[in-house]
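Data file: target-v7.csv. Format and content: CSV, C-alpha atoms.
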```csv
chain,number,residue,atom,x,y,z
I,1,MET,CA,-27.0,-20.8,23.8
I,2,THR,CA,-25.3,-20.7,20.4
I,3,GLY,CA,-23.5,-24.0,21.0
I,4,ARG,CA,-26.7,-25.6,22.3
I,5,ASP,CA,-28.7,-24.3,19.3
I,6,ALA,CA,-26.2,-25.6,16.8
I,7,ALA,CA,-26.2,-29.0,18.3
I,8,GLY,CA,-30.0,-29.3,19.1
I,9,PHE,CA,-31.7,-29.5,15.7
I,10,SER,CA,-32.7,-32.9,14.4
I,11,LEU,CA,-34.7,-34.3,11.4
I,12,ARG,CA,-36.1,-37.8,11.6
I,13,PRO,CA,-38.8,-39.8,9.7
I,14,GLY,CA,-42.2,-40.2,11.3
I,15,GLU,CA,-44.4,-43.3,11.8
I,16,THR,CA,-46.3,-42.8,8.6
I,17,SER,CA,-44.8,-42.8,5.1
I,18,GLY,CA,-43.8,-39.4,3.8
I,19,GLU,CA,-43.8,-37.8,7.2
I,20,MET,CA,-40.8,-36.0,8.7
I,21,HIS,CA,-40.4,-34.6,12.2
I,22,LEU,CA,-38.4,-31.6,13.0
I,23,SER,CA,-37.3,-31.0,16.6
I,24,GLY,CA,-35.0,-28.6,18.5
I,25,PRO,CA,-34.2,-25.0,17.5
I,26,LEU,CA,-34.4,-24.0,13.8
I,27,THR,CA,-32.8,-20.6,14.0
I,28,ILE,CA,-30.0,-18.6,12.3
I,29,TYR,CA,-27.5,-20.6,14.3
I,30,THR,CA,-28.7,-24.0,13.0
I,31,VAL,CA,-30.1,-23.0,9.6
I,32,THR,CA,-26.9,-23.9,7.7
I,33,ALA,CA,-26.8,-27.5,9.0
I,34,ALA,CA,-30.6,-27.8,8.8
I,35,ARG,CA,-30.7,-26.6,5.2
I,36,THR,CA,-28.1,-29.2,4.3
I,37,GLU,CA,-30.3,-31.9,5.7
I,38,LEU,CA,-33.5,-30.5,4.1
I,39,GLN,CA,-31.8,-30.2,0.7
I,40,ALA,CA,-30.9,-33.9,0.9
I,41,LEU,CA,-34.7,-34.8,1.1
I,42,ALA,CA,-36.1,-36.2,-2.2
I,43,PRO,CA,-39.5,-34.9,-3.3
I,44,ASP,CA,-40.9,-38.4,-3.6
I,45,ASP,CA,-40.0,-39.3,0.0
I,46,VAL,CA,-41.7,-36.4,1.8
I,47,SER,CA,-45.3,-35.2,1.9
I,48,THR,CA,-45.6,-33.7,5.4
I,49,LEU,CA,-43.3,-31.8,7.7
I,50,ASP,CA,-44.2,-31.8,11.4
I,51,ILE,CA,-42.7,-28.9,13.2
I,52,SER,CA,-44.7,-29.3,16.5
I,53,ALA,CA,-41.5,-30.3,18.3
I,54,LEU,CA,-39.4,-27.3,17.3
I,55,ASP,CA,-38.3,-25.3,20.3
I,56,ARG,CA,-37.6,-22.1,18.4
I,57,LEU,CA,-38.2,-20.8,14.9
I,58,ASP,CA,-36.9,-17.5,13.6
I,59,THR,CA,-37.0,-15.9,10.2
I,60,ALA,CA,-33.9,-17.8,8.9
I,61,GLY,CA,-35.5,-21.1,9.8
I,62,ALA,CA,-38.8,-20.1,8.2
I,63,TRP,CA,-36.9,-19.2,5.1
I,64,ALA,CA,-35.4,-22.7,5.0
I,65,LEU,CA,-38.8,-24.3,5.2
I,66,VAL,CA,-40.3,-22.1,2.6
I,67,GLN,CA,-37.3,-22.8,0.3
I,68,LEU,CA,-38.0,-26.5,0.7
I,69,GLN,CA,-41.7,-26.1,-0.2
I,70,THR,CA,-40.7,-24.1,-3.2
I,71,ARG,CA,-38.2,-26.7,-4.4
I,72,PHE,CA,-40.8,-29.5,-4.0
I,73,ALA,CA,-43.4,-27.4,-5.8
I,74,ASP,CA,-41.0,-26.9,-8.7
I,75,ALA,CA,-40.7,-30.7,-8.8
I,76,GLY,CA,-44.4,-31.2,-8.9
I,77,ARG,CA,-44.9,-32.3,-5.3
I,78,ASP,CA,-46.7,-30.4,-2.5
I,79,VAL,CA,-45.3,-30.7,1.0
I,80,SER,CA,-47.5,-29.5,3.9
I,81,ILE,CA,-46.3,-28.1,7.2
I,82,THR,CA,-48.2,-29.3,10.2
I,83,GLY,CA,-48.0,-28.8,14.0
I,84,ALA,CA,-47.2,-25.1,13.7
I,85,SER,CA,-48.2,-22.8,16.5
I,86,SER,CA,-50.0,-19.5,15.6
I,87,GLU,CA,-46.8,-17.6,15.9
I,88,ALA,CA,-44.9,-20.0,13.7
I,89,ALA,CA,-47.7,-20.1,11.1
I,90,SER,CA,-47.7,-16.3,11.0
I,91,LEU,CA,-44.0,-16.2,10.6
I,92,LEU,CA,-44.1,-18.7,7.8
I,93,GLU,CA,-46.8,-16.8,6.0
I,94,SER,CA,-44.9,-13.5,6.3
I,95,VAL,CA,-41.7,-15.1,4.9
I,96,GLU,CA,-43.6,-16.8,2.1
I,97,GLN,CA,-45.2,-13.5,1.1
I,98,ALA,CA,-41.8,-11.7,1.2
I,99,MET,CA,-40.1,-14.3,-1.1
I,100,PRO,CA,-39.3,-12.9,-4.5
I,101,GLU,CA,-41.3,-14.3,-7.4
I,102,LYS,CA,-39.6,-15.8,-10.4
I,103,GLN,CA,-40.0,-13.6,-13.4
I,104,ALA,CA,-40.7,-15.4,-16.6
I,105,VAL,CA,-38.6,-14.0,-19.4
I,106,ALA,CA,-40.8,-13.5,-22.3
I,107,GLU,CA,-39.5,-14.8,-25.6
I,108,GLU,CA,-38.8,-11.8,-27.8
I,109,ARG,CA,-39.7,-12.3,-31.4
I,110,LEU,CA,-38.1,-9.9,-33.8
I,111,THR,CA,-41.0,-9.2,-36.1
I,112,PHE,CA,-41.2,-6.2,-38.4
I,113,LYS,CA,-43.8,-4.6,-36.1
I,114,ALA,CA,-41.5,-5.0,-33.1
I,115,TRP,CA,-38.5,-3.6,-35.0
I,116,LEU,CA,-40.6,-0.7,-36.2
I,117,ASP,CA,-41.8,0.0,-32.7
I,118,ARG,CA,-38.3,-0.1,-31.4
I,119,PHE,CA,-37.0,2.2,-34.2
I,120,GLY,CA,-39.8,4.6,-33.6
I,121,ARG,CA,-39.1,4.8,-29.9
I,122,LYS,CA,-35.4,5.5,-30.5
I,123,VAL,CA,-36.3,8.2,-33.0
I,124,MET,CA,-38.7,9.9,-30.6
I,125,SER,CA,-36.0,9.6,-27.8
I,126,GLY,CA,-33.6,11.4,-30.1
I,127,VAL,CA,-36.1,14.1,-30.9
I,128,ALA,CA,-36.8,14.6,-27.2
I,129,PHE,CA,-33.0,14.8,-26.6
I,130,LEU,CA,-32.6,17.5,-29.3
I,131,ARG,CA,-35.5,19.4,-27.9
I,132,ALA,CA,-33.9,19.3,-24.4
I,133,LEU,CA,-30.6,20.6,-25.9
I,134,THR,CA,-32.5,23.4,-27.7
I,135,ALA,CA,-34.2,24.3,-24.5
I,136,TYR,CA,-30.8,24.6,-22.7
I,137,LEU,CA,-29.5,26.7,-25.6
I,138,GLY,CA,-32.5,29.0,-25.3
I,139,MET,CA,-32.0,29.2,-21.5
I,140,PHE,CA,-28.4,30.2,-22.0
I,141,LEU,CA,-29.3,32.9,-24.5
I,142,HIS,CA,-32.0,34.2,-22.3
I,143,ARG,CA,-29.8,34.4,-19.2
I,144,LEU,CA,-27.0,36.0,-21.3
I,145,GLY,CA,-29.4,38.7,-22.5
I,146,ARG,CA,-30.5,39.2,-18.9
I,147,ALA,CA,-26.9,39.5,-17.8
I,148,ILE,CA,-26.3,42.2,-20.5
I,149,ARG,CA,-29.4,44.2,-19.3
I,150,HIS,CA,-28.5,43.6,-15.6
I,151,PRO,CA,-24.7,43.4,-15.3
I,152,SER,CA,-24.8,43.2,-11.5
I,153,GLU,CA,-26.2,39.6,-11.9
I,154,PHE,CA,-23.2,38.5,-14.0
I,155,ARG,CA,-20.4,36.6,-12.3
I,156,LEU,CA,-17.2,38.0,-13.8
I,157,THR,CA,-14.9,36.2,-11.4
I,158,SER,CA,-16.5,32.9,-12.4
I,159,LEU,CA,-16.1,33.7,-16.1
I,160,VAL,CA,-12.4,34.4,-15.6
I,161,HIS,CA,-11.9,31.2,-13.7
I,162,HIS,CA,-13.5,29.1,-16.4
I,163,CYS,CA,-11.6,30.9,-19.2
I,164,GLU,CA,-8.4,29.8,-17.4
I,165,GLU,CA,-9.8,26.2,-17.0
I,166,VAL,CA,-11.1,25.7,-20.5
I,167,GLY,CA,-8.6,27.9,-22.4
I,168,LEU,CA,-5.3,28.6,-20.7
I,169,LYS,CA,-4.8,25.1,-19.3
I,170,ALA,CA,-5.7,23.5,-22.6
I,171,VAL,CA,-3.0,25.4,-24.6
I,172,PRO,CA,-0.2,22.8,-24.2
I,173,ILE,CA,-2.2,19.8,-25.3
I,174,VAL,CA,-3.8,21.7,-28.2
I,175,ALA,CA,-0.5,23.1,-29.4
I,176,LEU,CA,1.2,19.8,-29.2
I,177,MET,CA,-1.6,18.0,-31.0
I,178,ALA,CA,-1.6,20.6,-33.8
I,179,PHE,CA,2.2,20.6,-34.1
I,180,LEU,CA,2.2,16.8,-34.6
I,181,ILE,CA,-0.6,17.0,-37.1
I,182,GLY,CA,1.3,19.5,-39.1
I,183,VAL,CA,4.4,17.2,-39.0
I,184,VAL,CA,2.3,14.2,-40.1
I,185,LEU,CA,0.7,16.1,-43.0
I,186,ALA,CA,4.0,17.4,-44.2
I,187,PHE,CA,5.6,13.9,-44.1
I,188,GLN,CA,2.8,12.1,-45.7
I,189,GLY,CA,2.2,14.8,-48.3
I,190,SER,CA,5.8,15.0,-49.3
I,191,THR,CA,5.9,11.2,-49.7
I,192,GLN,CA,3.1,11.3,-52.2
I,193,LEU,CA,3.9,14.6,-54.0
I,194,ARG,CA,7.5,13.6,-54.5
I,195,GLN,CA,6.4,11.0,-57.0
I,196,PHE,CA,5.2,13.8,-59.3
I,197,GLY,CA,7.9,16.3,-58.6
I,198,ALA,CA,5.4,18.6,-56.9
I,199,GLU,CA,6.9,18.8,-53.4
I,200,VAL,CA,6.4,22.5,-53.2
I,201,PHE,CA,2.6,22.0,-53.1
I,202,VAL,CA,3.0,20.4,-49.7
I,203,VAL,CA,2.8,23.9,-48.4
I,204,ASP,CA,-0.7,24.4,-49.9
I,205,LEU,CA,-1.7,21.0,-48.5
I,206,ILE,CA,-0.7,21.9,-45.0
I,207,ALA,CA,-2.1,25.4,-45.1
I,208,ILE,CA,-5.6,24.3,-46.4
I,209,SER,CA,-5.8,21.2,-44.2
I,210,VAL,CA,-4.8,22.9,-41.0
I,211,LEU,CA,-6.5,26.3,-41.5
I,212,ARG,CA,-9.7,25.1,-43.0
I,213,GLU,CA,-10.5,21.8,-41.2
I,214,LEU,CA,-8.0,20.0,-39.0
I,215,GLY,CA,-6.9,22.9,-36.7
I,216,ILE,CA,-10.3,23.9,-35.3
I,217,LEU,CA,-11.9,20.4,-35.6
I,218,LEU,CA,-9.2,18.6,-33.6
I,219,THR,CA,-9.1,21.5,-31.1
I,220,ALA,CA,-12.9,21.2,-30.7
I,221,ILE,CA,-12.6,17.4,-30.2
I,222,ILE,CA,-9.9,17.8,-27.6
I,223,VAL,CA,-11.9,20.5,-25.8
I,224,ALA,CA,-15.1,18.4,-26.0
I,225,GLY,CA,-13.3,15.4,-24.3
I,226,ARG,CA,-11.7,17.7,-21.8
I,227,THR,CA,-14.3,20.3,-21.0
I,228,ALA,CA,-17.6,18.6,-21.6
I,229,SER,CA,-16.7,15.9,-19.1
I,230,ALA,CA,-15.5,18.6,-16.6
I,231,PHE,CA,-18.8,20.5,-16.9
I,232,THR,CA,-20.8,17.4,-16.5
I,233,ALA,CA,-18.8,16.2,-13.5
I,234,ALA,CA,-18.9,19.6,-11.7
I,235,ILE,CA,-22.6,20.3,-12.2
I,236,GLY,CA,-23.5,16.6,-11.7
I,237,SER,CA,-21.7,16.4,-8.3
I,238,MET,CA,-23.4,19.6,-7.2
I,239,LYS,CA,-26.7,18.0,-8.2
I,240,MET,CA,-25.9,14.8,-6.2
I,241,ARG,CA,-25.1,16.9,-3.1
I,242,GLU,CA,-28.3,18.9,-3.6
I,243,GLU,CA,-26.3,22.1,-3.9
I,244,ILE,CA,-28.4,23.2,-6.9
I,245,ASP,CA,-31.6,22.8,-4.8
I,246,ALA,CA,-29.9,24.9,-2.2
I,247,MET,CA,-29.1,27.6,-4.8
I,248,ARG,CA,-32.8,27.7,-5.8
I,249,THR,CA,-33.8,28.0,-2.1
I,250,LEU,CA,-31.4,30.9,-1.7
I,251,GLY,CA,-32.9,32.6,-4.7
I,252,LEU,CA,-29.9,32.0,-7.0
I,253,ASP,CA,-30.5,31.0,-10.6
I,254,PRO,CA,-28.5,27.9,-11.5
I,255,ALA,CA,-28.5,28.8,-15.2
I,256,MET,CA,-27.1,32.3,-14.6
I,257,ASN,CA,-24.5,31.1,-12.1
I,258,LEU,CA,-23.5,27.8,-13.6
I,259,PHE,CA,-24.3,27.7,-17.3
I,260,VAL,CA,-23.6,31.3,-18.5
I,261,PRO,CA,-20.0,31.5,-17.2
I,262,ARG,CA,-19.0,28.1,-18.5
I,263,ILE,CA,-20.5,28.4,-22.0
I,264,LEU,CA,-19.4,32.0,-22.4
I,265,ALA,CA,-15.9,31.0,-21.4
I,266,LEU,CA,-15.9,28.4,-24.2
I,267,LEU,CA,-17.2,31.0,-26.7
I,268,ILE,CA,-14.3,33.3,-25.9
I,269,MET,CA,-11.5,30.7,-25.6
I,270,LEU,CA,-12.2,28.2,-28.4
I,271,PRO,CA,-11.5,30.7,-31.2
I,272,ILE,CA,-8.2,31.6,-29.5
I,273,LEU,CA,-7.3,27.9,-29.1
I,274,GLY,CA,-8.1,27.5,-32.8
I,275,LEU,CA,-5.7,30.2,-33.7
I,276,ILE,CA,-3.0,28.6,-31.5
I,277,ALA,CA,-3.7,25.3,-33.2
I,278,ASN,CA,-3.4,26.8,-36.6
I,279,LEU,CA,0.0,28.4,-35.8
I,280,ALA,CA,1.3,25.3,-34.2
I,281,GLY,CA,0.2,23.2,-37.1
I,282,LEU,CA,1.8,25.5,-39.7
I,283,PHE,CA,5.0,25.5,-37.6
I,284,GLY,CA,5.1,21.7,-37.4
I,285,GLY,CA,4.4,21.5,-41.2
I,286,GLY,CA,7.1,24.1,-42.0
I,287,LEU,CA,9.6,22.4,-39.8
I,288,MET,CA,9.0,19.0,-41.4
I,289,SER,CA,9.1,20.5,-44.9
I,290,TRP,CA,12.5,22.0,-44.1
I,291,ILE,CA,13.9,18.8,-42.8
I,292,ASP,CA,12.4,16.4,-45.3
I,293,LEU,CA,12.0,18.5,-48.5
I,294,GLY,CA,14.6,21.2,-48.0
I,295,ILE,CA,11.9,23.9,-48.2
I,296,SER,CA,13.4,26.8,-46.3
I,297,PRO,CA,11.3,28.8,-43.8
I,298,ALA,CA,11.4,31.8,-46.1
I,299,MET,CA,10.2,29.8,-49.0
I,300,PHE,CA,7.5,28.2,-46.9
I,301,MET,CA,6.3,31.6,-45.7
I,302,THR,CA,6.3,33.0,-49.3
I,303,ARG,CA,4.4,30.1,-50.6
I,304,LEU,CA,2.0,30.2,-47.7
I,305,VAL,CA,1.2,33.9,-48.2
I,306,GLU,CA,0.9,33.8,-51.9
I,307,GLY,CA,-0.9,30.5,-52.3
I,308,THR,CA,-3.3,30.5,-49.4
I,309,SER,CA,-6.4,32.6,-49.3
I,310,VAL,CA,-7.5,34.3,-46.1
I,311,ASP,CA,-10.9,32.7,-46.7
I,312,HIS,CA,-9.5,29.4,-45.4
I,313,VAL,CA,-8.7,31.1,-42.1
I,314,PHE,CA,-12.2,32.6,-42.0
I,315,VAL,CA,-13.9,29.2,-42.8
I,316,GLY,CA,-12.0,27.5,-40.0
I,317,LEU,CA,-12.5,30.1,-37.3
I,318,VAL,CA,-16.2,30.8,-38.0
I,319,LYS,CA,-17.0,27.3,-36.8
I,320,ALA,CA,-15.4,27.9,-33.4
I,321,PRO,CA,-18.4,29.7,-31.7
I,322,PHE,CA,-20.8,27.0,-32.9
I,323,PHE,CA,-18.6,24.2,-31.7
I,324,ALA,CA,-18.3,26.0,-28.3
I,325,LEU,CA,-22.1,26.3,-28.0
I,326,ILE,CA,-22.5,22.6,-28.8
I,327,ILE,CA,-19.8,21.5,-26.3
I,328,GLY,CA,-21.0,23.8,-23.5
I,329,VAL,CA,-24.8,23.0,-23.9
I,330,VAL,CA,-24.2,19.3,-24.1
I,331,GLY,CA,-21.9,19.3,-21.0
I,332,CYS,CA,-24.3,21.4,-18.9
I,333,HIS,CA,-27.4,19.4,-20.0
I,334,ALA,CA,-25.7,16.1,-19.1
I,335,GLY,CA,-24.7,17.5,-15.7
I,336,MET,CA,-28.3,18.4,-14.9
I,337,GLN,CA,-29.4,14.9,-15.8
I,338,VAL,CA,-27.3,13.2,-13.1
I,339,GLN,CA,-29.2,11.4,-10.4
I,340,SER,CA,-28.3,10.9,-6.8
I,341,ASN,CA,-25.7,8.1,-7.3
I,342,ALA,CA,-22.1,7.8,-8.5
I,343,GLU,CA,-23.1,5.4,-11.3
I,344,SER,CA,-25.3,8.0,-12.9
I,345,LEU,CA,-22.5,10.6,-12.7
I,346,GLY,CA,-20.1,8.3,-14.5
I,347,ARG,CA,-22.6,7.4,-17.1
I,348,MET,CA,-23.6,10.9,-17.9
I,349,THR,CA,-20.0,12.1,-18.0
I,350,SER,CA,-19.2,9.4,-20.7
I,351,ASN,CA,-22.4,10.3,-22.6
I,352,ALA,CA,-21.5,14.0,-22.6
I,353,VAL,CA,-18.1,13.3,-24.1
I,354,VAL,CA,-19.4,11.0,-26.8
I,355,THR,CA,-22.4,13.2,-27.6
I,356,ALA,CA,-20.2,16.4,-27.8
I,357,ILE,CA,-17.6,14.8,-30.1
I,358,PHE,CA,-20.3,13.3,-32.3
I,359,ALA,CA,-22.2,16.6,-32.5
I,360,VAL,CA,-19.0,18.6,-33.3
I,361,ILE,CA,-18.1,16.2,-36.2
I,362,VAL,CA,-21.7,16.4,-37.6
I,363,ALA,CA,-21.6,20.2,-37.4
I,364,ASP,CA,-18.2,20.3,-39.1
I,365,ALA,CA,-19.6,18.1,-41.9
I,366,VAL,CA,-22.6,20.5,-42.3
I,367,PHE,CA,-20.3,23.5,-42.5
I,368,SER,CA,-18.1,21.8,-45.1
I,369,ILE,CA,-21.2,21.1,-47.3
I,370,PHE,CA,-22.5,24.7,-46.7
I,371,PHE,CA,-19.2,26.4,-47.6
I,372,ALA,CA,-18.7,24.1,-50.7
I,373,ARG,CA,-22.2,25.1,-51.9
I,374,ILE,CA,-21.5,28.9,-51.6
I,375,GLY,CA,-18.1,28.5,-53.1
I,376,ILE,CA,-15.8,29.4,-50.3
```
Could the structure of this file be written out as C-alpha cells, please?
Amino acid sequence: MTGRDAAGFSLRPGETSGEMHLSGPLTIYTVTAARTELQALAPDDVSTLDISALDRLDTAGAWALVQLQTRFADAGRDVSITGASSEAASLLESVEQAMPEKQAVAEERLTFKAWLDRFGRKVMSGVAFLRALTAYLGMFLHRLGRAIRHPSEFRLTSLVHHCEEVGLKAVPIVALMAFLIGVVLAFQGSTQLRQFGAEVFVVDLIAISVLRELGILLTAIIVAGRTASAFTAAIGSMKMREEIDAMRTLGLDPAMNLFVPRILALLIMLPILGLIANLAGLFGGGLMSWIDLGISPAMFMTRLVEGTSVDHVFVGLVKAPFFALIIGVVGCHAGMQVQSNAESLGRMTSNAVVTAIFAVIVADAVFSIFFARIGI
C-alpha cells in the first residue's frame, strides 16, 4: 500500500481557468511529494482546488491543503476547496482550527512611562524577593526555637552530616585561597612600601587586610558558591521528585528537617572556616615576607602581636554568622522555588550562587560602614 500510495497522487489543471484537480491518495506517504507540487503553484494561477477525486485524505494531507490556503491568503488570493466529502470537510475544518495563529509582535516604544512602569515592576519584584527571604529567615528562627523547646524533633545526625559537608570538606580550598591571598598581599605590599623604606609595615598591611576583611569575606564567597548551590540542588531535586510533598503527607516538617540542619551547620562552621582562613593568610604573608623582605618569622610574630589590635579579629569574625544566615537562607529559598523540570533546577542553582555572593558583598560593605562609624 505504501508504494501504491506514493505513486498514485496527481495534480492536473481543470477545464476552467484557475481550477486544479487532485486525485489519488493524499496521505502521510504522499504528502512530501504532493506538498512540493502544491508549493510550485502560483497564487495568480489557482482559484479552486477540486478534491472530489481523492481516494484517501488523512491529517497530513489536510495539513498540506490548509498550508496552501494560508500561503495564498498571505499573498492576497483566496483559494476554495470543492468536492470534499463530509468526512474530508470535517477533517479540513479540524486541521484549520488546530493550526497555530501568527502572533503579531507589537512594536515596543521606550517611552518614559514604559520605562517607569518597567522600573517599578522590577522594584516591586525585588521587594517581594526580600520579603520571601525574610519569611524563610523567620521560618528558620521559629523552627530553631521549637527544636530548643522540643529536642526530640531535632535531627542531630543531619546536623553533623552537613557540618562535614559545608565545613570539613571546604577546609582545603579555603586554606589554599587564604594562603595565596596572604602571599599576594605580602608581595604587592612589599613592592610599594620598599619605595619609602617602610617594608616592616607590610606586616600591618597583611594583618589588617586578612583579619578584618579578606579572610572572612573570601571564605564566605567560596562557601556561597560551594554551599548555596549544593543546598539549592539538593532541596530542588527533592521538590522535583515530590519528596517534599511526601514528607508533608507523612507529617514531617520540611523546614525542621531540611532548613534547620543546613543553616545551623553554616552558622557553626563558617566562623571556624574564617579562623582557618585567617591563620592560612597570615602564614602565607609571613612566608612571603621572609622570602622577599627578609623579615624573620620571629620579627613577623612580634610585629603582628604588637601592632595589630584584637579588634580586627573581632570585626572579621562577627560577620561570619550573618554571612552564614544569608547563604543558608538564599540556598534553601532557591531550592523551594524549583519547578518540576531540570531547566528550573539549573536556573535556580545559578541564581542562588549569584544572589548569595552579591548579598554577602553588600552585607560586608554595610558592616564596614558601621564599624567605621563607631570607630572600631
### Message
Need to verify the contact set: Leu214 in chain I, 10 Å, only C-alpha atoms, exclusion of same-chain residues closer than 4 positions in sequence. Can you return it as a ChimeraX atom specification?
### Response
/I:178,181-182,206,208-210,218-220,274,277-278,281,316
### Task
Please identify all polymer residues within 7 Å of Ala207 in chain I, counting all atoms listed in the file, omitting same-chain residues fewer than 3 positions from it, and present them as a PyMOL selection string.
chain I and resi 203-204+210-211+282+304+308
### Query
Contacts of range 126-143 of chain I at 9 Å or less, counting all atoms listed in the file, minus same-chain residues fewer than 2 places along, as a list in words?
Arg121, Lys122, Val123, Met124, Gly145, Arg146, Ala147, Ile148, Ala255, Met256, Phe259, Val260, Ile263, Leu325, Ile326, Val329, Val330, Cys332 and His333 of chain I
Residues from the last selection, C-alpha atoms, saved as a PDB file, in the frame of the given file:
```pdb
ATOM      1  CA  ARG I 121     -39.100   4.800 -29.900  1.00  0.00           C
ATOM      2  CA  LYS I 122     -35.400   5.500 -30.500  1.00  0.00           C
ATOM      3  CA  VAL I 123     -36.300   8.200 -33.000  1.00  0.00           C
ATOM      4  CA  MET I 124     -38.700   9.900 -30.600  1.00  0.00           C
ATOM      5  CA  GLY I 145     -29.400  38.700 -22.500  1.00  0.00           C
ATOM      6  CA  ARG I 146     -30.500  39.200 -18.900  1.00  0.00           C
ATOM      7  CA  ALA I 147     -26.900  39.500 -17.800  1.00  0.00           C
ATOM      8  CA  ILE I 148     -26.300  42.200 -20.500  1.00  0.00           C
ATOM      9  CA  ALA I 255     -28.500  28.800 -15.200  1.00  0.00           C
ATOM     10  CA  MET I 256     -27.100  32.300 -14.600  1.00  0.00           C
ATOM     11  CA  PHE I 259     -24.300  27.700 -17.300  1.00  0.00           C
ATOM     12  CA  VAL I 260     -23.600  31.300 -18.500  1.00  0.00           C
ATOM     13  CA  ILE I 263     -20.500  28.400 -22.000  1.00  0.00           C
ATOM     14  CA  LEU I 325     -22.100  26.300 -28.000  1.00  0.00           C
ATOM     15  CA  ILE I 326     -22.500  22.600 -28.800  1.00  0.00           C
ATOM     16  CA  VAL I 329     -24.800  23.000 -23.900  1.00  0.00           C
ATOM     17  CA  VAL I 330     -24.200  19.300 -24.100  1.00  0.00           C
ATOM     18  CA  CYS I 332     -24.300  21.400 -18.900  1.00  0.00           C
ATOM     19  CA  HIS I 333     -27.400  19.400 -20.000  1.00  0.00           C
TER      20      HIS I 333
END
```
### Task
With a distance cut-off of 6 Å and all atoms listed in the file, select the neighbouring residues of Gly18 in chain I, excluding the residue or stretch itself and same-chain residues fewer than 4 positions from it, and output the selection as number ranges by chain.
I: 45-47
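Selecting by distance to (-33.8, -28.0, 17.0) with a limit of 8 Å and using all atoms listed in the file, one obtains Asp5, Ala6, Ala7, Gly8, Phe9, Ser10, Leu22, Ser23, Gly24, Pro25, Leu26, Thr30, Leu54, Asp55 and Arg56 of chain I.
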### Task
Do a neighbour search on Met240 in chain I at 9 Å with only C-alpha atoms, toss out local chain neighbours closer than 5 positions, and write the hits as a VMD selection string.
chain I and resid 235 338 to 342 345
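Closest approach to Val66 in chain I from the set I:Ala84, I:Phe179, I:Glu93, I:Glu213 is made by I:Glu93, with distances taken over only C-alpha atoms.
The space between CA of Ile272 in chain I and CA of Thr349 in chain I spans 25.5 Å.
Going from CA of Gln67 in chain I to CA of Ser94 in chain I covers 13.4 Å.
Distance-wise, CA of Asp245 in chain I and CA of Gly225 in chain I end up 27.7 Å apart.
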